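**Student:** Take this structure first; my questions come after.
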Amino acid sequence: MKLSYSAEVAEALKNGVPIVALESTIISHGFPYPKNVELAEEMETIIRENGAIPATIAIIRGKITVGLELEELLHLAKSGDVRKCSVRDLSMALVDGVTGATTVASTSFIAARAGIRVFATGGIGGVHKAEEGANGFDVSADLLELSRTGVAVVAAGAKSILDLPATLEVLESFSVPVIGYQTDTFPAFHCRSSGLKLPAWTDNIGKLADIVDTHLQLGSGSGMLICNPVPEAAAMTNDEVDELVMAAQREAVGKGIKGAALTPYILGALDRLSKGRTSEVNLALALNNGKVAAELASCLAR
């Protein structure tokens, strides 16, 4: 698989400098312009401040690109026609020569092939709740990719709109280690805790790096999910989020929204119903995950 690297990322790979992969869907589909550019720049800044090089991954005009130059970032952020690409969509996007944003699954897939071991995102996809009107057993491709791609994904758990117990069960079935960092419960994205106990946790970044390195050295083929909760000052309560999610779900069901369109619709509805509060939380947790991912990548490099 041919990859195009930014000069900064190519130099970092050559010299063994720690690198953190970043997805691009949050830029093209998560926030409007120019807020998306501001978020991307803040993510890159916090990763650099904590000792690593950021590598935002995207499809730019039919090329898989690892690390974006400013012109490429602006093209991704401002274009109204960016294709959302999971792993299954990559070949078509490359042949069509389009610009595409990578999801958690496709970012992990590409990062592993680039030799990058740590990836920071907001929250992973998972198992949808049946009452959302999902068509059958709707499971995100993120979970499958975690089971077969050797990358440590730092996230604030799974998105609040999902069936979190079922998501953890699927990760267990796929033999994906789920490790809490400074938490012994599964974070619920906008909330610090779902109340679901994690199988393992640590509050020491050096020990976390040892766990990640040992797992990847074992060669099982799977990645790892590092659960890093949203900072306490930014977190919402479980009751607040549950109420918002139920209202957003009712809207989605009423409009017949299903499949791939469901998650972005509900996340957009949450932002509208909360008067922008959920977007503020998204920003806070994304930056926090970038910080922890950079610290983890730096420890692994040592």
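As shown in the structure tokens, the chain order sets the letters A, B, ...; within each chain, residues go from 1, and ligands are also counted from 1 in the order they appear.
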Would you list the contacts of A:Ala166 as a PyMOL selection string, taking every protein, DNA or RNA residue within 10 Å and counting only C-alpha atoms, but skipping same-chain residues closer than 2 positions in sequence?

**Tutor:** chain A and resi 126-129+139+162-164+168-172

**Student:** Go ahead and write the residues just picked, C-alpha atoms, as an mmCIF file, in the first residue's frame.

**Tutor:**
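New file result21.cif:
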```
data_model
loop_
_atom_site.group_PDB
_atom_site.id
_atom_site.type_symbol
_atom_site.label_atom_id
_atom_site.label_comp_id
_atom_site.auth_asym_id
_atom_site.auth_seq_id
_atom_site.Cartn_x
_atom_site.Cartn_y
_atom_site.Cartn_z
ATOM 1 C CA GLY A 126 -19.592 0.352 18.931
ATOM 2 C CA VAL A 127 -22.865 -1.535 19.137
ATOM 3 C CA HIS A 128 -25.976 0.540 18.513
ATOM 4 C CA LYS A 129 -29.015 0.327 20.741
ATOM 5 C CA VAL A 139 -21.952 -2.910 14.965
ATOM 6 C CA LEU A 162 -24.252 3.396 22.012
ATOM 7 C CA ASP A 163 -25.017 0.204 23.914
ATOM 8 C CA LEU A 164 -21.920 0.293 26.092
ATOM 9 C CA LEU A 168 -17.521 -4.148 25.803
ATOM 10 C CA GLU A 169 -18.812 -7.694 25.225
ATOM 11 C CA VAL A 170 -17.904 -7.521 21.534
ATOM 12 C CA LEU A 171 -14.421 -6.219 22.366
ATOM 13 C CA GLU A 172 -13.984 -9.133 24.774
#
```

**Student:** Identify all residues of stretch 87-223 of chain A in alpha helix (DSSP H) (DSSP on the backbone) and supply them as a VMD selection string.

**Tutor:** chain A and resid 90 to 96 104 to 114 141 to 148 164 to 173 205 to 218

**Student:** Enter the distance from atom CA of A:Ala12 to atom CA of A:Ala294, in Å, rounded to one decimal.

**Tutor:**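 Value for the atom CA of A:Ala12-atom CA of A:Ala294 distance: 13.6 Å.
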
**Student:** Please identify all polymer residues within 10 Å of A:Tyr265, counting only C-alpha atoms, omitting same-chain residues fewer than 4 positions from it, and present them as a ChimeraX atom specification.

**Tutor:** /A:248-249,251-252,257-258,260-261,269-270

**Student:** Suppose we keep C-alpha atoms; can you now write the selection as a PDB file, in the first residue's frame?

**Tutor:**
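And here's part-v3.pdb as it stands now:
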```pdb
ATOM      1  CA  ALA A 248     -32.164  12.740  19.729  1.00  0.00           C
ATOM      2  CA  GLN A 249     -33.092   9.076  19.224  1.00  0.00           C
ATOM      3  CA  GLU A 251     -36.022  12.482  16.344  1.00  0.00           C
ATOM      4  CA  ALA A 252     -33.940   9.964  14.355  1.00  0.00           C
ATOM      5  CA  ILE A 257     -32.706   7.660   9.801  1.00  0.00           C
ATOM      6  CA  LYS A 258     -30.700   4.409   9.934  1.00  0.00           C
ATOM      7  CA  ALA A 260     -24.284   5.010   8.503  1.00  0.00           C
ATOM      8  CA  ALA A 261     -26.361   8.204   8.714  1.00  0.00           C
ATOM      9  CA  ALA A 269     -28.944  16.607  17.337  1.00  0.00           C
ATOM     10  CA  LEU A 270     -27.144  16.386  20.681  1.00  0.00           C
TER      11      LEU A 270
END
```

**Student:** Write down as a PDB file with N, CA and C atoms, in the first residue's frame the residues belonging to stretch 67-140 of chain A that are assigned strand (DSSP E) by DSSP computed on the backbone.

**Tutor:**
```pdb
ATOM      1  N   ARG A  83     -15.515  12.557   1.225  1.00  0.00           N
ATOM      2  CA  ARG A  83     -16.116  11.243   1.423  1.00  0.00           C
ATOM      3  C   ARG A  83     -15.654  10.657   2.760  1.00  0.00           C
ATOM      4  N   LYS A  84     -16.582  10.130   3.540  1.00  0.00           N
ATOM      5  CA  LYS A  84     -16.233   9.468   4.801  1.00  0.00           C
ATOM      6  C   LYS A  84     -15.809   8.032   4.479  1.00  0.00           C
ATOM      7  N   CYS A  85     -14.575   7.681   4.823  1.00  0.00           N
ATOM      8  CA  CYS A  85     -13.999   6.416   4.384  1.00  0.00           C
ATOM      9  C   CYS A  85     -13.620   5.512   5.551  1.00  0.00           C
ATOM     10  N   GLY A 100     -11.000  12.072   0.972  1.00  0.00           N
ATOM     11  CA  GLY A 100     -11.782  11.310   1.930  1.00  0.00           C
ATOM     12  C   GLY A 100     -11.254  11.487   3.337  1.00  0.00           C
ATOM     13  N   ALA A 101     -12.166  11.445   4.300  1.00  0.00           N
ATOM     14  CA  ALA A 101     -11.806  11.533   5.716  1.00  0.00           C
ATOM     15  C   ALA A 101     -11.808  10.137   6.312  1.00  0.00           C
ATOM     16  N   THR A 102     -10.812   9.833   7.111  1.00  0.00           N
ATOM     17  CA  THR A 102     -10.684   8.501   7.699  1.00  0.00           C
ATOM     18  C   THR A 102     -11.411   8.414   9.033  1.00  0.00           C
ATOM     19  N   VAL A 118       0.482   4.467  18.061  1.00  0.00           N
ATOM     20  CA  VAL A 118      -0.466   5.147  18.957  1.00  0.00           C
ATOM     21  C   VAL A 118      -1.363   6.078  18.141  1.00  0.00           C
ATOM     22  N   PHE A 119      -2.635   6.046  18.449  1.00  0.00           N
ATOM     23  CA  PHE A 119      -3.653   6.820  17.730  1.00  0.00           C
ATOM     24  C   PHE A 119      -4.585   7.454  18.760  1.00  0.00           C
ATOM     25  N   ALA A 120      -4.806   8.765  18.647  1.00  0.00           N
ATOM     26  CA  ALA A 120      -5.714   9.479  19.555  1.00  0.00           C
ATOM     27  C   ALA A 120      -6.983   9.858  18.807  1.00  0.00           C
TER      28      ALA A 120
END
```

**Student:** From the set A:Val37, A:Leu94, A:Ile59, A:Ala233, which residue has the shortest atom-to-atom contact distance to A:Leu73, counting only C-alpha atoms?

**Tutor:** A:Val37

**Student:** Compile a residue-level contact table for stretch 107-186 of chain A against stretch 280-289 of chain A at a cut-off of 9 Å, reporting for every qualifying residue the shortest atom pair and its distance in Å to one decimal, with only C-alpha atoms counted, rows ordered by chain and ascending number, as JSON lines.

**Tutor:**
```
{"residue": "A:Ala120", "atom": "CA", "partner": "A:Asn289", "partner_atom": "CA", "distance": 5.8}
{"residue": "A:Thr121", "atom": "CA", "partner": "A:Ala286", "partner_atom": "CA", "distance": 6.2}
{"residue": "A:Gly122", "atom": "CA", "partner": "A:Ala286", "partner_atom": "CA", "distance": 4.8}
{"residue": "A:Gly123", "atom": "CA", "partner": "A:Ala286", "partner_atom": "CA", "distance": 8.4}
{"residue": "A:Val154", "atom": "CA", "partner": "A:Asn289", "partner_atom": "CA", "distance": 6.0}
{"residue": "A:Ala155", "atom": "CA", "partner": "A:Asn289", "partner_atom": "CA", "distance": 6.1}
{"residue": "A:Ala156", "atom": "CA", "partner": "A:Leu285", "partner_atom": "CA", "distance": 6.7}
```

**Student:** Give me the residues within 8 Å of stretch 184-201 of chain A as a list in words, counting only C-alpha atoms and dropping any in the same chain fewer than 6 places off.

**Tutor:**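 Here the qualifying residues turn out to be Gly122, Gly123, Ala156, Gly157, Ala158, Lys159, Ser160, Leu164, Pro165, Val178, Cys227, Asn228, Pro229, Val230, Pro231, Glu232, Ala235, Met236, Thr237, Asn238, Val241, Thr278, Val281, Asn282 and Leu285 of chain A.
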
**Student:** For the selection you just gave me, I'd like the residues written to a file as a tab-separated table (two decimals), in the first residue's frame, keeping N, CA, C and O atoms.

**Tutor:**
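The file below, part17.tsv, is the result:
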```tsv
chain	number	residue	atom	x	y	z
A	122	GLY	N	-11.57	10.78	19.62
A	122	GLY	CA	-12.51	11.20	20.65
A	122	GLY	C	-13.11	10.00	21.34
A	122	GLY	O	-12.80	9.68	22.49
A	123	GLY	N	-13.97	9.28	20.61
A	123	GLY	CA	-14.57	8.05	21.13
A	123	GLY	C	-14.74	7.08	19.97
A	123	GLY	O	-14.93	7.49	18.83
A	156	ALA	N	-12.00	8.33	24.79
A	156	ALA	CA	-12.84	8.50	25.98
A	156	ALA	C	-13.96	7.47	25.94
A	156	ALA	O	-15.15	7.79	26.03
A	157	GLY	N	-13.58	6.21	25.80
A	157	GLY	CA	-14.54	5.12	25.72
A	157	GLY	C	-15.25	5.11	24.38
A	157	GLY	O	-14.66	5.44	23.34
A	158	ALA	N	-16.52	4.72	24.38
A	158	ALA	CA	-17.34	4.72	23.18
A	158	ALA	C	-18.39	5.81	23.29
A	158	ALA	O	-18.71	6.29	24.38
A	159	LYS	N	-18.92	6.23	22.16
A	159	LYS	CA	-19.86	7.34	22.13
A	159	LYS	C	-21.08	7.05	23.02
A	159	LYS	O	-21.58	5.92	23.06
A	160	SER	N	-21.58	8.08	23.68
A	160	SER	CA	-22.64	7.95	24.68
A	160	SER	C	-23.92	7.37	24.12
A	160	SER	O	-24.75	6.84	24.87
A	164	LEU	N	-23.27	0.45	25.57
A	164	LEU	CA	-21.92	0.29	26.09
A	164	LEU	C	-21.64	-1.11	26.64
A	164	LEU	O	-20.56	-1.65	26.40
A	165	PRO	N	-22.56	-1.74	27.38
A	165	PRO	CA	-22.29	-3.13	27.81
A	165	PRO	C	-22.06	-4.06	26.62
A	165	PRO	O	-21.15	-4.90	26.63
A	178	VAL	N	-8.85	-3.95	26.85
A	178	VAL	CA	-9.42	-2.64	27.16
A	178	VAL	C	-8.83	-2.21	28.49
A	178	VAL	O	-9.11	-2.81	29.53
A	227	CYS	N	-8.66	3.60	27.62
A	227	CYS	CA	-9.81	4.41	28.02
A	227	CYS	C	-9.37	5.56	28.92
A	227	CYS	O	-8.90	5.35	30.04
A	228	ASN	N	-9.52	6.77	28.39
A	228	ASN	CA	-9.08	7.97	29.08
A	228	ASN	C	-10.29	8.90	29.24
A	228	ASN	O	-10.75	9.49	28.26
A	229	PRO	N	-10.85	9.04	30.45
A	229	PRO	CA	-12.09	9.80	30.60
A	229	PRO	C	-11.94	11.30	30.35
A	229	PRO	O	-10.85	11.86	30.51
A	230	VAL	N	-13.03	11.93	29.95
A	230	VAL	CA	-13.07	13.37	29.76
A	230	VAL	C	-12.66	14.06	31.07
A	230	VAL	O	-12.99	13.57	32.16
A	231	PRO	N	-11.92	15.16	31.00
A	231	PRO	CA	-11.56	15.88	32.23
A	231	PRO	C	-12.79	16.23	33.05
A	231	PRO	O	-13.84	16.59	32.50
A	232	GLU	N	-12.64	16.15	34.36
A	232	GLU	CA	-13.78	16.34	35.26
A	232	GLU	C	-14.46	17.70	35.08
A	232	GLU	O	-15.69	17.81	35.13
A	235	ALA	N	-16.84	17.47	32.05
A	235	ALA	CA	-17.76	16.33	31.92
A	235	ALA	C	-19.21	16.73	32.17
A	235	ALA	O	-19.51	17.64	32.95
A	236	MET	N	-20.11	16.02	31.52
A	236	MET	CA	-21.54	16.14	31.78
A	236	MET	C	-21.98	15.01	32.69
A	236	MET	O	-21.28	14.00	32.82
A	237	THR	N	-23.14	15.15	33.31
A	237	THR	CA	-23.65	14.07	34.15
A	237	THR	C	-24.34	13.02	33.28
A	237	THR	O	-24.81	13.32	32.18
A	238	ASN	N	-24.44	11.81	33.80
A	238	ASN	CA	-25.10	10.74	33.06
A	238	ASN	C	-26.56	11.05	32.80
A	238	ASN	O	-27.10	10.76	31.73
A	241	VAL	N	-26.93	13.55	29.86
A	241	VAL	CA	-26.67	12.94	28.56
A	241	VAL	C	-27.78	11.97	28.18
A	241	VAL	O	-28.24	11.93	27.03
A	278	THR	N	-22.39	19.77	24.10
A	278	THR	CA	-21.72	18.50	23.78
A	278	THR	C	-20.50	18.72	22.89
A	278	THR	O	-19.51	17.99	23.01
A	281	VAL	N	-17.65	19.60	25.12
A	281	VAL	CA	-17.13	18.40	25.77
A	281	VAL	C	-16.28	17.59	24.79
A	281	VAL	O	-15.21	17.09	25.13
A	282	ASN	N	-16.75	17.47	23.54
A	282	ASN	CA	-15.99	16.75	22.51
A	282	ASN	C	-14.60	17.33	22.35
A	282	ASN	O	-13.61	16.59	22.23
A	285	LEU	N	-12.35	16.51	25.53
A	285	LEU	CA	-11.90	15.11	25.62
A	285	LEU	C	-10.92	14.78	24.51
A	285	LEU	O	-9.98	13.99	24.71
```

**Student:** Using only C-alpha atoms, which residue out of A:Leu90, A:Ala141, A:Ile266, A:Ile64 lies closest to A:Arg250?

**Tutor:**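 Closest candidate: A:Ile266.
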
**Student:** Just how far from atom CA of A:Tyr5 is atom CA of A:Val95, in Å to one decimal?

**Tutor:** 19.1 Å

**Student:** Using only C-alpha atoms, which of the listed residues (A:Asp96, A:Glu295, A:Glu69, A:Glu41) sits closest to A:Pro18?

**Tutor:**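 Closest to A:Pro18 of all the choices is A:Glu295.
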
**Student:** Expressed in Å to a single decimal, how great is the separation between atom CA of A:Asp142 and atom CA of A:Gly125?

**Tutor:** 5.8 Å

**Student:** From the list A:Lys78, A:Gly268, A:Glu145, A:Thr65, which residue is nearest A:Lys2 when using only C-alpha atoms?

**Tutor:**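 Between A:Lys78, A:Gly268, A:Glu145, A:Thr65, the residue approaching A:Lys2 most closely is A:Thr65.
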
**Student:** Quick one: residues within 10 Å of A:Asp203, only C-alpha atoms, excluding same-chain residues fewer than 4 positions away - as a PyMOL selection string?

**Tutor:** chain A and resi 180-184+207-208

**Student:** Ranking A:Ile116, A:Ala10, A:His215, A:Gly259 by minimum distance to A:Asp138 and counting only C-alpha atoms, which one comes first?

**Tutor:**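 Closest residue, counting only C-alpha atoms: A:Gly259.
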
**Student:** Counting only C-alpha atoms, what is within 8 Å of A:Ile47, bar same-chain residues fewer than 3 positions away, as a PyMOL selection string?

**Tutor:** chain A and resi 20+43-44+50-54+290-291+293-294
